[in-house]
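The structure file data28.cif is reproduced below (mmCIF, C-alpha atoms).
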data_data
#
loop_
_atom_site.label_atom_id
_atom_site.label_comp_id
_atom_site.auth_asym_id
_atom_site.auth_seq_id
_atom_site.Cartn_x
_atom_site.Cartn_y
_atom_site.Cartn_z
CA MET A 1 -36.19 59.69 -39.34
CA ASN A 2 -36.52 59.21 -35.58
CA ILE A 3 -39.26 61.45 -34.15
CA LYS A 4 -41.09 60.68 -30.91
CA VAL A 5 -44.83 61.27 -31.15
CA PRO A 6 -46.64 62.46 -27.98
CA GLU A 7 -49.54 60.51 -26.53
CA VAL A 8 -52.90 61.77 -27.79
CA SER A 9 -56.35 60.82 -26.54
CA LYS A 10 -57.93 58.45 -29.05
CA ALA A 11 -61.27 60.22 -28.54
CA VAL A 12 -60.06 63.34 -30.37
CA VAL A 13 -58.12 61.64 -33.19
CA ARG A 14 -59.85 61.41 -36.56
CA GLN A 15 -59.20 58.57 -39.03
CA ASN A 16 -59.66 60.68 -42.15
CA THR A 17 -56.20 61.39 -43.58
CA PRO A 18 -55.78 59.93 -47.09
CA LEU A 19 -52.92 57.51 -47.63
CA ILE A 20 -52.77 56.52 -51.29
CA VAL A 21 -50.38 53.95 -52.77
CA THR A 22 -49.89 53.66 -56.54
CA ASN A 23 -47.84 51.24 -58.63
CA GLN A 24 -46.46 52.58 -61.92
CA CYS A 25 -43.85 49.82 -62.19
CA SER A 26 -43.96 47.46 -65.16
CA ASP A 27 -44.32 44.52 -62.74
CA THR A 28 -46.81 43.65 -60.02
CA ILE A 29 -45.69 44.55 -56.51
CA TYR A 30 -47.07 43.97 -53.03
CA ALA A 31 -47.14 47.14 -50.96
CA ALA A 32 -46.62 47.04 -47.19
CA VAL A 33 -47.56 49.48 -44.42
CA ASN A 34 -46.04 49.45 -40.95
CA THR A 35 -47.67 51.57 -38.23
CA GLN A 36 -45.41 52.86 -35.44
CA SER A 37 -48.03 54.99 -33.68
CA GLY A 38 -51.55 56.27 -34.29
CA GLN A 39 -54.21 54.36 -36.19
CA GLY A 40 -53.01 52.71 -39.39
CA PRO A 41 -54.95 51.70 -42.51
CA SER A 42 -57.22 48.66 -42.63
CA LYS A 43 -54.96 46.87 -45.13
CA THR A 44 -51.30 46.54 -44.15
CA GLY A 45 -50.30 44.50 -47.20
CA PHE A 46 -51.86 44.33 -50.63
CA LYS A 47 -51.23 43.45 -54.26
CA LEU A 48 -50.88 46.24 -56.81
CA GLU A 49 -50.72 45.38 -60.48
CA THR A 50 -49.25 47.84 -62.96
CA GLY A 51 -51.32 51.04 -62.80
CA GLY A 52 -53.07 49.93 -59.62
CA THR A 53 -53.94 52.32 -56.77
CA LEU A 54 -55.31 51.76 -53.28
CA ASN A 55 -56.78 54.70 -51.35
CA GLN A 56 -56.97 54.22 -47.57
CA THR A 57 -57.09 56.50 -44.53
CA VAL A 58 -55.03 56.80 -41.37
CA SER A 59 -55.38 58.88 -38.22
CA GLU A 60 -54.23 62.49 -38.30
CA ASN A 61 -51.43 61.60 -35.85
CA TRP A 62 -50.27 58.49 -37.74
CA GLN A 63 -46.59 57.60 -37.84
CA GLY A 64 -45.38 54.80 -40.07
CA ARG A 65 -43.60 53.48 -43.13
CA ILE A 66 -44.54 52.24 -46.59
CA TRP A 67 -42.48 50.08 -48.94
CA GLY A 68 -42.87 47.84 -51.95
CA ARG A 69 -42.23 44.10 -52.12
CA THR A 70 -40.89 42.56 -55.32
CA ASN A 71 -40.96 39.12 -56.99
CA CYS A 72 -43.58 37.77 -54.61
CA SER A 73 -45.29 34.39 -54.59
CA PHE A 74 -47.59 33.45 -51.67
CA ASN A 75 -49.43 30.27 -50.77
CA ALA A 76 -53.19 30.11 -51.24
CA ALA A 77 -53.89 31.43 -47.75
CA GLY A 78 -51.51 34.36 -48.15
CA ASP A 79 -49.73 33.54 -44.91
CA GLY A 80 -46.57 31.92 -46.23
CA PRO A 81 -44.29 31.52 -49.26
CA ALA A 82 -45.42 29.40 -52.20
CA ASN A 83 -43.73 26.22 -53.36
CA GLY A 84 -41.30 25.88 -50.48
CA ARG A 85 -39.56 29.19 -51.06
CA ALA A 86 -37.53 30.56 -48.17
CA THR A 87 -39.30 33.93 -48.44
CA ALA A 88 -42.44 34.96 -50.27
CA CYS A 89 -40.83 38.08 -51.77
CA GLY A 90 -37.40 38.81 -53.16
CA THR A 91 -37.21 42.14 -51.30
CA GLY A 92 -39.34 43.69 -48.57
CA ASP A 93 -40.72 40.34 -47.37
CA CYS A 94 -43.01 40.42 -44.29
CA ALA A 95 -42.32 36.98 -42.78
CA GLY A 96 -43.95 35.43 -45.83
CA LYS A 97 -47.36 37.07 -45.26
CA ILE A 98 -49.40 39.35 -47.50
CA ALA A 99 -50.77 41.26 -44.50
CA CYS A 100 -47.69 42.88 -43.04
CA ASP A 101 -47.16 43.19 -39.28
CA VAL A 102 -43.35 43.33 -39.19
CA SER A 103 -40.59 45.37 -40.79
CA GLY A 104 -39.71 44.39 -44.33
CA LEU A 105 -36.76 42.23 -45.29
CA ASN A 106 -33.96 44.51 -46.46
CA PRO A 107 -33.23 46.08 -48.80
CA VAL A 108 -36.25 48.38 -49.06
CA THR A 109 -36.84 51.92 -50.25
CA LEU A 110 -38.99 53.50 -47.53
CA ALA A 111 -41.51 56.33 -47.44
CA GLU A 112 -41.57 57.50 -43.80
CA PHE A 113 -44.20 59.74 -42.21
CA THR A 114 -44.89 61.45 -38.91
CA LEU A 115 -48.15 63.26 -39.64
CA ASP A 116 -48.25 65.19 -36.36
CA ALA A 117 -45.25 65.32 -34.04
CA GLY A 118 -47.16 67.40 -31.48
CA ASP A 119 -45.68 70.66 -32.78
CA GLY A 120 -48.20 71.23 -35.57
CA GLN A 121 -45.76 69.91 -38.17
CA THR A 122 -45.64 66.90 -40.47
CA TYR A 123 -42.26 65.26 -41.10
CA TYR A 124 -41.66 62.87 -44.01
CA ASP A 125 -38.85 61.50 -46.14
CA ILE A 126 -37.69 58.89 -48.62
CA SER A 127 -35.19 56.65 -46.83
CA LEU A 128 -32.40 54.52 -48.27
CA VAL A 129 -30.95 53.84 -44.82
CA ASP A 130 -32.02 50.17 -45.12
CA GLY A 131 -31.10 49.93 -48.80
CA TYR A 132 -32.83 50.44 -52.16
CA ASN A 133 -35.19 48.18 -54.06
CA LEU A 134 -37.65 50.38 -55.99
CA PRO A 135 -37.92 53.97 -57.27
CA LEU A 136 -40.35 55.95 -55.15
CA ALA A 137 -42.01 59.39 -54.98
CA ILE A 138 -44.15 61.13 -52.37
CA VAL A 139 -46.91 63.52 -53.49
CA LYS A 140 -48.68 65.81 -51.00
CA GLN A 141 -52.49 65.92 -50.98
CA PRO A 142 -53.45 69.35 -49.50
CA LEU A 143 -57.13 68.47 -48.74
CA GLY A 144 -58.25 72.10 -48.88
CA ASN A 145 -56.31 72.97 -45.73
CA SER A 146 -55.65 76.73 -45.79
CA SER A 147 -52.25 76.32 -44.12
CA LEU A 148 -51.18 73.97 -46.91
CA ASP A 149 -52.82 75.49 -49.99
CA ASP A 150 -50.17 78.21 -50.35
CA ILE A 151 -47.24 75.78 -50.30
CA PRO A 152 -45.96 75.15 -53.85
CA PRO A 153 -45.94 71.42 -54.70
CA ASN A 154 -42.42 71.62 -56.14
CA LEU A 155 -41.23 72.11 -52.54
CA THR A 156 -43.09 69.09 -51.14
CA ASN A 157 -43.00 66.22 -53.65
CA PRO A 158 -39.64 64.36 -53.63
CA SER A 159 -38.71 61.47 -55.88
CA CYS A 160 -35.88 58.91 -55.81
CA GLU A 161 -34.94 57.21 -59.09
CA GLY A 162 -31.98 54.88 -58.66
CA SER A 163 -32.80 52.25 -61.28
CA PRO A 164 -31.17 52.65 -64.70
CA GLY A 165 -34.10 51.14 -66.57
CA GLU A 166 -36.46 53.77 -65.14
CA LEU A 167 -34.14 56.77 -65.36
CA ALA A 168 -35.00 59.49 -67.89
CA PRO A 169 -32.24 61.35 -69.82
CA GLU A 170 -30.36 64.19 -68.12
CA THR A 171 -32.40 66.68 -70.20
CA PHE A 172 -35.71 65.35 -68.82
CA ASN A 173 -38.44 68.01 -68.81
CA PRO A 174 -41.98 66.73 -68.14
CA TYR A 175 -43.48 70.18 -68.74
CA ASN A 176 -42.65 70.54 -72.44
CA GLY A 177 -45.58 71.19 -74.72
CA GLY A 178 -47.85 73.08 -72.34
CA GLN A 179 -49.19 72.74 -68.83
CA GLN A 180 -48.64 69.03 -68.25
CA VAL A 181 -48.74 67.88 -64.64
CA PHE A 182 -45.99 65.64 -63.23
CA LEU A 183 -46.06 64.46 -59.62
CA GLY A 184 -48.54 67.23 -58.80
CA THR A 185 -46.41 69.99 -60.36
CA ASN A 186 -46.35 71.88 -63.66
CA SER A 187 -44.30 74.53 -65.46
CA SER A 188 -45.46 77.20 -63.01
CA PHE A 189 -43.97 75.14 -60.19
CA PRO A 190 -41.37 72.87 -61.84
CA LEU A 191 -39.58 70.28 -59.76
CA ALA A 192 -35.83 70.62 -59.37
CA PHE A 193 -34.30 67.45 -60.85
CA ASP A 194 -30.81 66.04 -60.61
CA THR A 195 -29.18 66.57 -64.01
CA LYS A 196 -25.83 64.86 -63.44
CA VAL A 197 -26.45 61.12 -62.92
CA SER A 198 -26.22 59.13 -66.15
CA LYS A 199 -27.71 55.70 -66.80
CA GLY A 200 -24.23 54.26 -66.51
CA GLN A 201 -23.83 55.78 -63.07
CA ALA A 202 -27.32 54.63 -62.08
CA SER A 203 -26.38 51.07 -62.97
CA SER A 204 -23.14 51.12 -60.98
CA TRP A 205 -23.74 53.26 -57.88
CA CYS A 206 -24.19 50.32 -55.52
CA PRO A 207 -20.92 48.74 -54.29
CA TYR A 208 -20.54 45.12 -55.47
CA ASN A 209 -20.47 43.66 -51.99
CA LEU A 210 -23.84 45.26 -51.19
CA LEU A 211 -25.69 44.03 -54.28
CA VAL A 212 -28.36 41.41 -53.55
CA SER A 213 -27.36 39.59 -56.77
CA PRO A 214 -23.73 40.52 -57.44
CA PRO A 215 -21.80 39.37 -60.50
CA SER A 216 -19.17 36.66 -60.14
CA LYS A 217 -16.02 37.76 -58.37
CA PRO A 218 -12.95 38.41 -60.51
CA GLY A 219 -10.00 36.05 -60.40
CA ASP A 220 -8.44 37.64 -57.31
CA GLY A 221 -11.74 37.48 -55.42
CA VAL A 222 -11.83 41.24 -54.82
CA TYR A 223 -14.42 43.60 -56.27
CA PRO A 224 -12.99 46.88 -57.57
CA TYR A 225 -15.13 49.94 -56.74
CA PRO A 226 -16.34 52.19 -58.20
CA ASP A 227 -14.48 51.94 -61.54
CA ASP A 228 -14.51 48.47 -63.12
CA ASN A 229 -15.08 46.44 -66.26
CA ILE A 230 -17.03 43.56 -64.72
CA LYS A 231 -20.48 43.09 -66.24
CA ARG A 232 -23.22 43.81 -63.72
CA PRO A 233 -26.82 42.62 -63.83
CA ALA A 234 -29.23 45.12 -65.42
CA PHE A 235 -30.18 46.02 -61.87
CA SER A 236 -29.90 44.35 -58.50
CA PRO A 237 -31.41 45.72 -55.28
CA CYS A 238 -28.82 47.27 -52.99
CA LEU A 239 -28.32 46.71 -49.27
CA SER A 240 -27.06 49.59 -47.17
CA ALA A 241 -23.77 49.12 -45.32
CA CYS A 242 -25.69 49.15 -42.03
CA ALA A 243 -28.21 46.54 -43.22
CA LYS A 244 -25.45 44.27 -44.54
CA TRP A 245 -22.88 44.38 -41.72
CA ASN A 246 -24.72 45.97 -38.77
CA LYS A 247 -21.55 47.74 -37.65
CA ALA A 248 -21.85 50.61 -35.17
CA SER A 249 -19.82 52.85 -37.48
CA ASP A 250 -22.25 52.23 -40.36
CA CYS A 251 -25.45 52.29 -38.28
CA CYS A 252 -24.43 55.29 -36.13
CA THR A 253 -24.97 53.39 -32.89
CA GLY A 254 -22.91 52.90 -29.71
CA ASN A 255 -19.86 55.16 -29.69
CA PHE A 256 -20.90 56.48 -33.13
CA ASN A 257 -24.33 57.73 -32.02
CA SER A 258 -23.79 61.41 -32.80
CA PRO A 259 -23.39 63.52 -35.96
CA GLY A 260 -19.79 64.30 -35.07
CA ALA A 261 -18.83 60.66 -34.58
CA CYS A 262 -20.72 59.03 -37.48
CA SER A 263 -19.78 59.77 -41.08
CA PRO A 264 -21.52 58.62 -44.27
CA SER A 265 -20.20 55.35 -45.69
CA ASP A 266 -19.31 54.79 -49.34
CA TYR A 267 -22.83 53.40 -49.75
CA SER A 268 -24.38 56.52 -48.19
CA LYS A 269 -22.35 58.85 -50.40
CA ALA A 270 -23.32 56.89 -53.53
CA ALA A 271 -27.00 56.75 -52.51
CA LYS A 272 -27.04 60.50 -51.85
CA LYS A 273 -25.57 61.18 -55.26
CA VAL A 274 -28.21 59.17 -57.11
CA CYS A 275 -31.10 60.35 -54.86
CA PRO A 276 -30.19 63.79 -53.43
CA ASP A 277 -33.46 64.23 -51.49
CA ALA A 278 -33.32 60.80 -49.82
CA TYR A 279 -32.09 59.82 -46.38
CA SER A 280 -28.77 58.01 -46.84
CA TYR A 281 -27.65 57.43 -43.22
CA ALA A 282 -28.85 58.13 -39.68
CA PHE A 283 -27.66 61.75 -39.42
CA ASP A 284 -28.78 62.94 -42.84
CA ASP A 285 -31.73 64.97 -41.48
CA GLN A 286 -30.85 68.38 -42.85
CA THR A 287 -30.71 67.24 -46.48
CA SER A 288 -33.53 64.69 -46.48
CA THR A 289 -36.42 65.62 -44.14
CA PHE A 290 -39.44 67.49 -45.49
CA ILE A 291 -41.37 69.56 -42.93
CA ILE A 292 -44.78 71.14 -43.58
CA PRO A 293 -47.78 72.12 -41.41
CA SER A 294 -49.87 69.16 -40.28
CA GLY A 295 -53.07 68.31 -42.13
CA ALA A 296 -51.99 66.89 -45.48
CA GLY A 297 -52.61 63.46 -46.92
CA PHE A 298 -50.06 61.74 -49.12
CA GLU A 299 -49.69 59.49 -52.16
CA VAL A 300 -46.74 57.13 -52.43
CA ILE A 301 -45.91 56.25 -56.04
CA PHE A 302 -43.65 53.34 -56.93
CA CYS A 303 -41.69 53.76 -60.20
CA PRO A 304 -42.83 57.35 -60.80
CA GLY A 305 -40.54 57.77 -63.82
CA GLY A 306 -38.39 60.76 -64.64
CA ARG A 307 -35.38 61.57 -62.48
CA SER A 308 -34.55 62.04 -58.83
CA THR A 309 -35.45 65.41 -57.38
CA ASN A 310 -33.02 67.84 -55.78
CA ILE A 311 -35.58 70.00 -53.96
CA LEU A 312 -33.84 70.66 -50.65
CA ALA A 313 -30.52 71.74 -52.16
CA ALA A 314 -32.11 73.78 -54.96
CA ASN A 315 -34.50 75.76 -52.73
CA PRO A 316 -32.70 76.37 -49.40
CA ALA A 317 -34.25 79.79 -48.72
CA GLU A 318 -37.80 78.68 -49.49
CA MET A 319 -37.47 75.45 -47.52
CA GLY A 320 -35.99 77.32 -44.55
CA HIS A 321 -38.83 79.85 -44.60
CA LEU A 322 -41.42 77.07 -44.87
CA THR A 323 -39.92 75.14 -41.96
CA SER A 324 -39.65 78.19 -39.69
CA SER A 325 -42.93 79.95 -40.53
CA GLY A 326 -45.21 77.18 -41.83
CA HIS A 327 -46.27 79.13 -44.93
CA MET A 328 -44.96 80.72 -48.12
CA SER A 329 -44.86 84.28 -49.40
CA GLY A 330 -47.60 85.86 -51.52
CA SER A 331 -45.56 85.57 -54.72
CA ALA A 332 -45.63 81.81 -54.40
CA ASN A 333 -49.43 81.91 -54.14
CA ASN A 334 -49.73 83.51 -57.58
CA HIS A 335 -47.75 80.67 -59.15
CA LEU A 336 -49.82 78.11 -57.26
CA LEU A 337 -52.99 79.51 -58.82
CA GLY A 338 -51.49 78.75 -62.24
CA LEU A 339 -50.94 75.12 -61.22
CA LEU A 340 -54.53 74.76 -59.98
CA ILE A 341 -55.88 76.24 -63.23
CA ALA A 342 -53.73 73.88 -65.30
CA MET A 343 -54.89 70.84 -63.33
CA THR A 344 -58.53 71.93 -63.78
CA LEU A 345 -58.06 72.38 -67.52
CA ASN A 346 -56.47 68.94 -67.79
CA ALA A 347 -59.46 67.43 -65.99
CA LEU A 348 -61.93 69.22 -68.31
CA ILE A 349 -60.04 68.08 -71.40
CA PHE A 350 -60.17 64.50 -70.14
CA ILE A 351 -63.92 64.73 -69.49
CA PHE A 352 -64.78 66.17 -72.90
CA ALA A 353 -62.48 63.73 -74.65
CA PHE A 354 -64.63 60.89 -73.40
#
Once more with this new file: its structure as structure tokens, please.
Amino acid sequence: MNIKVPEVSKAVVRQNTPLIVTNQCSDTIYAAVNTQSGQGPSKTGFKLETGGTLNQTVSENWQGRIWGRTNCSFNAAGDGPANGRATACGTGDCAGKIACDVSGLNPVTLAEFTLDAGDGQTYYDISLVDGYNLPLAIVKQPLGNSSLDDIPPNLTNPSCEGSPGELAPETFNPYNGGQQVFLGTNSSFPLAFDTKVSKGQASSWCPYNLLVSPPSKPGDGVYPYPDDNIKRPAFSPCLSACAKWNKASDCCTGNFNSPGACSPSDYSKAAKKVCPDAYSYAFDDQTSTFIIPSGAGFEVIFCPGGRSTNILAANPAEMGHLTSSGHMSGSANNHLLGLLIAMTLNALIFIFAF
């Protein structure tokens, strides 16, 4: 996502937009935040154990990225790798520091945000343009904003699940058994999930030569792709073709800097199949960018569980209407009331249970 944000007087910008980061992975991660414009959060790098959440705020015109760092080990000061390691983290490393002030070492799954592009709209996406290292979901926080309250959450909360160990079965339905809430949605507003990708496909979507930890080459030194019998690791983070080779044809730069000249690579096609709502290459805007009226906060969830969403392809009319008008029809509001009631009931049940 490449959106230029207009200059705004700092005197009129409020630092009150929630930016929440949650770790539901089975392992500890270190989250990282990179601010491109606006006022970022106070902590740009922080440890999140399993189940951990950090709630911060950013300015209402903030533009930036969030990613997770894996297999990290820092020195006592937190400003370098521990025990002579080359990098502090296996993926997403920020020059060895906990507090991040640079882009992460690829591959990284990115959550990208432009909270106010100067047109009254917020733009956000899940990006695999630099590769994939962790499953990730984005959940909108409406904050009582009237222009956002009527937007159903199943149109705003994408998820990318490209790790076989985290992937639920093709029949996954988080709403069975009543009004359970999943990623801010319920049976009144169910998310559209991909139903085609199997665990076998999730374990083999990344081309061998883009795996961070590929298996040993076969006898002829050439990796077959995509159909093979070579045993892969349970999962290895995946570099994008652009991140690995930095070729103009893969990165859509130079003579390839236009939609007509730059085509998706094998990596991009495979990434799009496993995560339909995610950015897979530079000119993937139409099938990866979420656009809503400005004013929302967001939660980024690592390892959200379930399956990848397919929101943009499953709801073209609704998404087109939302993008062009900034609101939804009255029929959607009636369903949204059901979601709010369900969430309230869940909260009451929790309170009385304890």
Using the chain letters and numbers from this file, what does the PyMOL selection byres ((chain A and resi 311) around 7) select? Give the answer as a PyMOL selection string. chain A and resi 155+158+192+277+309-310+312-315
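Our summary of the geometry notes that atom CA of Gly165 of chain A is positioned 21.2 Å from atom CA of Asn106 of chain A.
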From A:Ala296, A:Leu134, A:Ala88, A:Cys275, residue lying nearest Val58 of chain A [all atoms listed in the file]: A:Ala296
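Selection result for the displayed file, with the PyMOL selection byres ((chain A and resi 153) around 8) as criterion, is Lys140, Ile151, Pro152, Asn154, Leu155, Thr156, Asn157, Gly184, Thr185 and Phe189 of chain A.
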Pick from A:Lys43, A:Arg65, A:His321, A:Arg307 nearest to Ser198 of chain A, counting only C-alpha atoms: A:Arg307
If the PyMOL selection byres ((chain A and resi 62) around 12) were run on this exact file, what residues would it hold? Put them as a ChimeraX atom specification. /A:3-8,10,13-19,33-41,57-61,63-65,112-118,122-124,294-298
Export C-alpha atoms of the chosen residues as an mmCIF file, in the coordinates of the input?
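Okay, selection_13.cif is ready:
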data_model
loop_
_atom_site.group_PDB
_atom_site.id
_atom_site.type_symbol
_atom_site.label_atom_id
_atom_site.label_comp_id
_atom_site.auth_asym_id
_atom_site.auth_seq_id
_atom_site.Cartn_x
_atom_site.Cartn_y
_atom_site.Cartn_z
ATOM 1 C CA ILE A 3 -39.260 61.450 -34.150
ATOM 2 C CA LYS A 4 -41.090 60.680 -30.910
ATOM 3 C CA VAL A 5 -44.830 61.270 -31.150
ATOM 4 C CA PRO A 6 -46.640 62.460 -27.980
ATOM 5 C CA GLU A 7 -49.540 60.510 -26.530
ATOM 6 C CA VAL A 8 -52.900 61.770 -27.790
ATOM 7 C CA LYS A 10 -57.930 58.450 -29.050
ATOM 8 C CA VAL A 13 -58.120 61.640 -33.190
ATOM 9 C CA ARG A 14 -59.850 61.410 -36.560
ATOM 10 C CA GLN A 15 -59.200 58.570 -39.030
ATOM 11 C CA ASN A 16 -59.660 60.680 -42.150
ATOM 12 C CA THR A 17 -56.200 61.390 -43.580
ATOM 13 C CA PRO A 18 -55.780 59.930 -47.090
ATOM 14 C CA LEU A 19 -52.920 57.510 -47.630
ATOM 15 C CA VAL A 33 -47.560 49.480 -44.420
ATOM 16 C CA ASN A 34 -46.040 49.450 -40.950
ATOM 17 C CA THR A 35 -47.670 51.570 -38.230
ATOM 18 C CA GLN A 36 -45.410 52.860 -35.440
ATOM 19 C CA SER A 37 -48.030 54.990 -33.680
ATOM 20 C CA GLY A 38 -51.550 56.270 -34.290
ATOM 21 C CA GLN A 39 -54.210 54.360 -36.190
ATOM 22 C CA GLY A 40 -53.010 52.710 -39.390
ATOM 23 C CA PRO A 41 -54.950 51.700 -42.510
ATOM 24 C CA THR A 57 -57.090 56.500 -44.530
ATOM 25 C CA VAL A 58 -55.030 56.800 -41.370
ATOM 26 C CA SER A 59 -55.380 58.880 -38.220
ATOM 27 C CA GLU A 60 -54.230 62.490 -38.300
ATOM 28 C CA ASN A 61 -51.430 61.600 -35.850
ATOM 29 C CA GLN A 63 -46.590 57.600 -37.840
ATOM 30 C CA GLY A 64 -45.380 54.800 -40.070
ATOM 31 C CA ARG A 65 -43.600 53.480 -43.130
ATOM 32 C CA GLU A 112 -41.570 57.500 -43.800
ATOM 33 C CA PHE A 113 -44.200 59.740 -42.210
ATOM 34 C CA THR A 114 -44.890 61.450 -38.910
ATOM 35 C CA LEU A 115 -48.150 63.260 -39.640
ATOM 36 C CA ASP A 116 -48.250 65.190 -36.360
ATOM 37 C CA ALA A 117 -45.250 65.320 -34.040
ATOM 38 C CA GLY A 118 -47.160 67.400 -31.480
ATOM 39 C CA THR A 122 -45.640 66.900 -40.470
ATOM 40 C CA TYR A 123 -42.260 65.260 -41.100
ATOM 41 C CA TYR A 124 -41.660 62.870 -44.010
ATOM 42 C CA SER A 294 -49.870 69.160 -40.280
ATOM 43 C CA GLY A 295 -53.070 68.310 -42.130
ATOM 44 C CA ALA A 296 -51.990 66.890 -45.480
ATOM 45 C CA GLY A 297 -52.610 63.460 -46.920
ATOM 46 C CA PHE A 298 -50.060 61.740 -49.120
#
Let me make sure I understand: among A:Ile20, A:Ile301, A:Val197, A:Leu136, which one has the smallest atom-to-atom distance to Val108 of chain A if we use only C-alpha atoms? A:Leu136
Neighbouring residues of Ala31 of chain A were defined as those with any atom within 6 Å, considering only C-alpha atoms; residues of the same chain fewer than 5 positions away were excluded. Please report them as a ChimeraX atom specification. /A:45-46,67-69
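Taking atom CA of Ile29 of chain A and atom CA of Val212 of chain A as the two end points, the separation is 17.9 Å.
Distance check against Cys242 of chain A using all atoms listed in the file: of A:Val139, A:Tyr281, A:Lys269, A:Glu170, the minimum falls on A:Tyr281.
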Proximity to Pro293 of chain A - best of A:Pro276, A:Gly80, A:Gly96, A:Gly120, all atoms listed in the file: A:Gly120
Using all atoms listed in the file, the best pick from A:Cys89, A:Cys206, A:Ala278, A:Ala95 as closest to Asp125 of chain A would be A:Ala278
Quick one, how far is atom CA of Thr22 of chain A from atom CA of Val129 of chain A? 22.3 Å
Identify the residues within 12 Å of coordinate (-24.8, 54.9, -57.4) (same frame as the file), considering all atoms listed in the file, and give the answer as a ChimeraX atom specification. /A:128,131-132,160-164,196-208,210-211,225-227,235-238,240,266-276,280
